[in-house]
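Student: Sharing query-v8.txt here; it has compact mmCIF, C-alpha atoms.
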```txt
# COMPACT_ATOMS: atom_id res chain seq x y z
CA MET F 253 18.96 -276.08 66.76
CA GLU F 254 18.45 -277.78 63.42
CA ASP F 255 14.93 -278.65 62.41
CA THR F 256 14.41 -282.38 62.07
CA GLU F 257 11.77 -283.74 59.77
CA GLN F 258 9.41 -286.15 61.45
CA ARG F 259 8.44 -289.10 59.28
CA ASP F 260 5.49 -291.36 59.75
CA PRO F 261 6.99 -294.82 60.36
CA GLU F 262 4.15 -296.32 58.30
CA GLU F 263 4.60 -293.89 55.43
CA ARG F 264 4.82 -295.80 52.18
CA ALA F 265 7.71 -295.43 49.78
CA PRO F 266 6.91 -293.52 46.57
CA ALA F 267 5.41 -295.66 43.82
CA SER F 268 7.85 -296.85 41.20
CA VAL F 269 7.72 -295.53 37.65
CA ILE F 270 6.24 -298.86 36.57
CA ASP F 271 3.44 -298.70 39.13
CA ARG F 272 2.69 -295.05 38.35
CA TYR F 273 2.30 -295.41 34.61
CA TYR F 274 1.55 -299.07 33.96
CA THR F 275 -0.95 -301.67 35.11
CA ARG F 276 0.47 -305.12 35.80
CA TRP F 277 -1.29 -308.17 34.36
CA TYR F 278 -0.20 -311.76 34.72
CA ARG F 279 -0.45 -315.17 33.11
CA ALA F 280 0.38 -317.91 35.59
CA ASP F 281 1.82 -321.31 34.63
CA MET F 282 2.02 -320.33 30.96
CA LYS F 283 0.79 -323.12 28.68
CA GLY F 284 0.65 -325.49 31.64
CA ASN F 285 4.31 -325.10 32.62
CA PRO F 286 4.55 -324.79 36.43
CA CYS F 287 5.61 -321.34 37.67
CA GLU F 288 6.51 -320.09 34.19
CA ASP F 289 4.64 -316.89 34.90
CA HIS F 290 4.59 -313.92 32.52
CA CYS F 291 3.80 -310.28 33.25
CA VAL F 292 2.40 -307.66 30.87
CA LEU F 293 2.78 -303.98 31.72
CA GLN F 294 -0.11 -302.10 30.11
CA HIS F 295 0.23 -298.36 29.54
CA SER F 296 -2.77 -296.04 29.13
CA ASN F 297 -1.69 -295.41 25.52
CA ARG F 298 -2.37 -299.13 24.72
CA ILE F 299 1.29 -300.13 24.52
CA CYS F 300 2.02 -303.38 26.37
CA VAL F 301 5.45 -304.49 27.56
CA VAL F 302 6.00 -308.23 27.96
CA THR F 303 8.26 -309.18 30.86
CA LEU F 304 8.98 -312.12 33.10
CA ALA F 305 6.96 -312.27 36.30
CA GLU F 306 9.13 -312.16 39.40
CA THR F 307 8.18 -315.77 40.13
CA HIS F 308 9.45 -317.17 36.81
CA PRO F 309 12.05 -319.95 37.29
CA LEU F 310 14.58 -317.93 35.28
CA LEU F 311 14.70 -315.39 38.08
CA GLN F 312 15.22 -317.98 40.81
CA LYS F 313 18.28 -319.74 42.23
CA GLY F 314 20.85 -317.42 40.67
CA ARG F 315 20.52 -318.76 37.15
CA THR F 316 22.82 -317.65 34.34
CA ILE F 317 21.57 -317.19 30.78
CA SER F 318 23.71 -318.56 27.98
CA ARG F 319 21.53 -317.66 24.99
CA ILE F 320 18.44 -315.68 23.97
CA ASN F 321 17.01 -316.61 20.59
CA TYR F 322 14.32 -314.58 18.79
CA GLN F 323 14.40 -316.99 15.82
CA ILE F 324 10.98 -318.64 16.03
CA SER F 325 11.36 -321.03 13.11
CA ASP F 326 13.37 -321.33 9.89
CA GLY F 327 11.06 -318.79 8.27
CA CYS F 328 10.25 -316.45 11.14
CA SER F 329 12.49 -314.29 13.27
CA ARG F 330 11.24 -311.60 15.61
CA LEU F 331 14.43 -309.71 14.80
CA ASN F 332 13.14 -309.18 11.26
CA ASN F 333 10.09 -307.31 12.53
CA LYS F 334 9.73 -303.89 10.90
CA VAL F 335 7.15 -301.19 11.58
CA SER F 336 6.65 -297.84 9.89
CA GLY F 337 4.62 -294.67 10.35
CA LYS F 338 2.55 -293.43 13.26
CA SER F 339 0.12 -296.32 12.78
CA LYS F 340 2.99 -298.82 13.15
CA ARG F 341 2.18 -300.66 9.93
CA GLY F 342 4.01 -303.82 9.00
CA GLY F 343 4.64 -305.32 12.43
CA GLN F 344 4.19 -309.04 12.86
CA PHE F 345 0.74 -309.85 14.20
CA LEU F 346 0.82 -312.00 17.33
CA THR F 347 -1.81 -314.18 18.90
CA ASP F 348 -1.89 -314.37 22.70
CA PHE F 349 0.11 -317.61 22.70
CA ALA F 350 2.61 -316.63 20.02
CA PRO F 351 6.22 -317.44 21.01
CA LEU F 352 8.53 -314.45 21.24
CA CYS F 353 11.86 -316.06 22.05
CA ARG F 354 13.65 -318.98 23.63
CA ILE F 355 15.97 -318.51 26.57
CA THR F 356 18.61 -321.11 27.41
CA CYS F 357 20.47 -321.29 30.72
CA THR F 358 23.98 -322.55 31.32
CA ASP F 359 22.52 -325.78 32.76
CA ASP F 360 20.77 -326.33 29.36
CA THR F 361 17.32 -325.65 30.78
CA GLU F 362 15.28 -323.86 28.13
CA TYR F 363 12.24 -321.62 28.44
CA THR F 364 9.89 -320.23 25.81
CA ILE F 365 8.53 -316.74 26.38
CA PHE F 366 5.11 -316.00 24.87
CA SER F 367 3.34 -312.80 23.84
CA CYS F 368 0.39 -313.24 26.28
CA ILE F 369 -1.79 -310.83 24.28
CA ARG F 370 -2.95 -310.22 20.71
CA GLY F 371 -1.46 -307.33 18.80
CA ARG F 372 1.30 -306.03 16.57
CA LEU F 373 4.89 -306.53 17.58
CA LEU F 374 6.51 -303.10 17.83
CA GLU F 375 9.96 -304.13 18.98
CA VAL F 376 12.04 -306.73 20.73
CA ASN F 377 14.67 -305.85 23.28
CA MET F 378 18.02 -305.89 21.53
CA SER F 379 19.81 -304.95 24.73
CA ILE F 380 19.26 -308.36 26.33
CA LEU F 381 20.95 -310.00 23.35
CA GLU F 382 24.09 -308.04 24.15
CA ARG F 383 23.67 -308.24 27.94
CA PRO F 384 21.49 -311.22 28.95
CA ALA F 385 22.08 -310.38 32.62
CA LEU F 386 19.72 -307.39 32.21
CA LEU F 387 16.84 -309.81 32.00
CA LEU F 388 17.77 -311.24 35.38
CA GLU F 389 18.72 -307.99 37.09
CA LYS F 390 15.98 -305.66 35.78
CA PRO F 391 13.22 -307.85 34.31
CA SER F 392 10.51 -305.16 34.51
CA THR F 393 12.53 -302.33 33.01
CA GLU F 394 15.71 -302.68 30.94
CA GLY F 395 15.33 -306.45 30.78
CA TYR F 396 11.92 -306.53 29.11
CA ILE F 397 11.23 -309.05 26.32
CA ALA F 398 9.14 -307.18 23.75
CA VAL F 399 6.65 -304.36 23.15
CA ILE F 400 3.23 -305.09 21.63
CA LEU F 401 0.46 -302.76 20.44
CA PRO F 402 -3.06 -304.27 20.67
CA LYS F 403 -5.77 -303.32 18.20
CA LEU F 404 -7.68 -300.23 19.27
CA GLU F 405 -10.97 -302.10 19.40
CA GLU F 406 -9.42 -304.83 21.56
CA SER F 407 -7.35 -302.65 23.87
CA LYS F 408 -9.89 -302.73 26.71
CA THR F 409 -10.58 -306.47 26.51
CA ILE F 410 -7.18 -308.06 25.88
CA THR F 411 -6.56 -308.60 29.58
CA LYS F 412 -9.88 -310.30 30.34
CA ASN F 413 -8.16 -313.70 30.50
CA MET F 414 -5.27 -312.42 32.58
CA LEU F 415 -4.81 -312.00 36.32
CA SER F 416 -4.62 -308.73 38.21
CA ARG F 417 -1.77 -308.40 40.69
CA GLU F 418 -4.12 -309.22 43.56
CA GLU F 419 -5.41 -312.34 41.80
CA PHE F 420 -1.87 -313.38 40.92
CA GLU F 421 -0.75 -313.02 44.53
CA LYS F 422 -3.51 -315.43 45.54
CA VAL F 423 -2.25 -317.96 42.98
CA VAL F 424 1.30 -317.61 44.30
CA ALA F 425 0.11 -317.93 47.89
CA LYS F 426 -1.31 -321.36 47.11
CA ARG F 427 2.12 -322.50 45.94
CA SER F 428 4.00 -321.36 49.02
CA PRO F 429 3.13 -321.11 52.75
CA ASN F 430 4.24 -317.49 53.00
CA GLY F 431 2.94 -316.46 49.58
CA SER F 432 6.00 -314.39 48.71
CA LEU F 433 6.25 -313.21 45.13
CA THR F 434 10.03 -313.11 45.34
CA GLU F 435 10.74 -316.37 47.13
CA PRO F 436 12.83 -318.78 45.03
CA ARG F 437 10.85 -321.88 44.32
CA GLU F 438 11.97 -325.38 43.62
CA GLU F 439 11.93 -326.12 39.93
CA VAL F 440 10.92 -329.35 38.31
CA LYS F 441 13.35 -329.74 35.45
CA LYS F 442 11.60 -330.88 32.30
CA THR F 443 12.76 -334.00 30.59
CA GLU F 444 10.31 -333.84 27.72
CA PRO F 445 11.31 -331.88 24.62
CA ARG F 446 9.90 -328.38 24.51
CA GLU F 447 6.98 -327.66 22.22
CA GLU F 448 8.10 -326.52 18.80
CA PHE F 449 7.21 -323.04 17.62
CA GLU F 450 4.02 -323.21 15.69
CA LYS F 451 3.67 -320.60 12.99
CA PRO F 452 5.70 -319.66 9.87
CA LEU F 453 6.49 -316.03 9.06
CA SER F 454 3.30 -314.05 8.47
CA LYS F 455 2.49 -313.17 4.88
CA GLN F 456 2.95 -309.55 3.93
CA SER F 457 0.51 -307.54 1.88
CA PRO F 458 1.85 -305.18 -0.85
CA ASN F 459 1.82 -302.26 1.60
CA GLY F 460 3.94 -304.20 4.08
CA THR F 461 1.17 -304.97 6.58
CA ALA F 462 1.17 -308.42 8.13
CA THR F 463 -2.00 -310.28 7.16
CA GLU F 464 -1.62 -313.51 9.16
CA PRO F 465 -0.42 -314.16 12.71
CA CYS F 466 3.14 -315.35 13.17
```
Rewrite the coordinates I just gave you, this time as structure tokens.

Tutor:
Amino acid sequence: MEDTEQRDPEERAPASVIDRYYTRWYRADMKGNPCEDHCVLQHSNRICVVTLAETHPLLQKGRTISRINYQISDGCSRLNNKVSGKSKRGGQFLTDFAPLCRITCTDDTEYTIFSCIRGRLLEVNMSILERPALLLEKPSTEGYIAVILPKLEESKTITKNMLSREEFEKVVAKRSPNGSLTEPREEVKKTEPREEFEKPLSKQSPNGTATEPC
């Protein structure tokens, strides 16, 4: 007789790679825009990955992305970001409300994605420019927006104005009777023009280090 493995029916599935190595932090209703929630995955080595929260309108109602634009203004493009050396010198310095990109859907709805935290921009995700569907299909992994490195002295305090997953779930629960993080939610389409990107390209010092936020 073959041995059969008995499983506890309440046994939890193994934690995902994201949940094993990263801590999830959230900004709800970014800049006052309903449900435009952002998520930051913080690794123990200080690196932070900016993604869309699962409740963001882009991930609801089977939307299709027509364009992703990392050009912030005439003088500033996130695609021009360059870092060098182990200390990652030269990356654009971002404030916590610095715009990273604009995403336009096929219905002409447009969303601005923000950095959420202060730090140096290490990279943007070139893959979503070639395959925008990655952002919709795998927003927390291959469809991330950008990677940011906070200052060492700020690495333990950058999330003080953000929500833990438990706190974020409470915010979501107030929006919906069942409080589901994955439930599609009705979107209020904006008729007002979107806020323009604020900052010009940061000035560079002779050694290539950004000296002003972009």

Student: Go through F:Gly342, F:Arg319, F:Glu421, F:Asn332 and flag the residue nearest Thr364 (chain F), using all atoms listed in the file for the distances.

Tutor: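 For Thr364 (chain F), the nearest of the given residues is F:Arg319.
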
Student: Between F:Glu394, F:Glu405, F:Glu382, F:Glu306, which one has atoms that come closest to Cys287 (chain F), using all atoms listed in the file?

Tutor: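 With all atoms listed in the file as the atom set, the closest residue is F:Glu306.
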
Student: Quick one: distance from CA of Glu288 (chain F) to CA of Ile365 (chain F) in Å, one decimal?

Tutor: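 It comes out at 8.7 Å.
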
Student: Find the residues around Val399 (chain F) up to 9 Å (only C-alpha atoms counted), leave out those fewer than 5 positions away in its own chain, and share them as a PDB file with C-alpha atoms, keeping the file's coordinate frame.

Tutor:
```pdb
ATOM      1  CA  ILE F 299       1.290-300.130  24.520  1.00  0.00           C
ATOM      2  CA  CYS F 300       2.020-303.380  26.370  1.00  0.00           C
ATOM      3  CA  VAL F 301       5.450-304.490  27.560  1.00  0.00           C
ATOM      4  CA  VAL F 302       6.000-308.230  27.960  1.00  0.00           C
ATOM      5  CA  ARG F 372       1.300-306.030  16.570  1.00  0.00           C
ATOM      6  CA  LEU F 373       4.890-306.530  17.580  1.00  0.00           C
ATOM      7  CA  LEU F 374       6.510-303.100  17.830  1.00  0.00           C
ATOM      8  CA  GLU F 375       9.960-304.130  18.980  1.00  0.00           C
ATOM      9  CA  VAL F 376      12.040-306.730  20.730  1.00  0.00           C
ATOM     10  CA  ASN F 377      14.670-305.850  23.280  1.00  0.00           C
TER      11      ASN F 377
END
```

Student: In Å, how far is it from CA of Gln312 (chain F) to CA of Leu388 (chain F)?

Tutor: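 So the two atoms, CA of Gln312 (chain F) and CA of Leu388 (chain F), lie 9.0 Å apart.
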
Student: For the atom pair CA of Thr411 (chain F) and CA of Cys368 (chain F), what is the interatomic distance in Å to one decimal place?

Tutor: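 Pair CA of Thr411 (chain F) / CA of Cys368 (chain F) returns 9.0 Å.
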
Student: Residues within 10 Å of Gly371 (chain F), please, as a list in words. Count only C-alpha atoms; anything in the same chain fewer than 6 positions from it doesn't count.

Tutor: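 Near Gly371 (chain F), the qualifying residues are Ile299, Cys300, Gly343, Gln344, Phe345, Leu346, Thr347, Asp348, Val399, Ile400, Leu401, Pro402, Lys403, Leu404, Glu406, Ser407, Ile410 and Pro465 of chain F.
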
Student: Show which residues sit within 7 Å of Leu331 (chain F), as a list in words. Count all atoms listed in the file, and ignore same-chain residues fewer than 2 positions away.

Tutor: Tyr322, Ser329 and Asn333 of chain F

Student: Of the candidates F:Leu387, F:Leu352, F:Val423, F:Val292, which shows the shortest atom-to-atom distance to Asn321 (chain F), using only C-alpha atoms?

Tutor: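 Closest residue, counting only C-alpha atoms: F:Leu352.
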
Student: Arg276 (chain F): which residues within 7 Å, counting only C-alpha atoms, same-chain residues fewer than 5 positions away excluded, as a list of chain:residue names?

Tutor: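 In the requested format, the answer is F:Cys291, F:Val292, F:Leu293, F:Gln294, F:Ser416, F:Arg417.
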
Student: Using all atoms listed in the file, which of the listed residues (F:Met414, F:Val335, F:Ile320, F:Ala398) sits closest to Arg383 (chain F)?

Tutor: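 Closest candidate: F:Ile320.
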
Student: For Ser379 (chain F), which residue out of F:Gly395, F:Gly327, F:Pro286, F:Pro351 is the nearest one, using all atoms listed in the file?

Tutor: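 Of F:Gly395, F:Gly327, F:Pro286, F:Pro351, the one nearest Ser379 (chain F) is F:Gly395, counting all atoms listed in the file.
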
Student: With all atoms listed in the file as the counted atoms, please give the residues lying no more than 9 Å from Thr393 (chain F), apart from itself and same-chain residues fewer than 6 positions off, as a list of chain:residue names.

Tutor: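 These residues fall inside the cut-off: F:Ile270, F:Thr303, F:Leu386, F:Leu387.
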
Student: Filtering to C-alpha atoms, could you give me those residues as a CSV table (one decimal), keeping the file's coordinate frame?

Tutor:
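After the write, result_15.csv holds the following:
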```
chain,number,residue,atom,x,y,z
F,270,ILE,CA,6.2,-298.9,36.6
F,303,THR,CA,8.3,-309.2,30.9
F,386,LEU,CA,19.7,-307.4,32.2
F,387,LEU,CA,16.8,-309.8,32.0
```
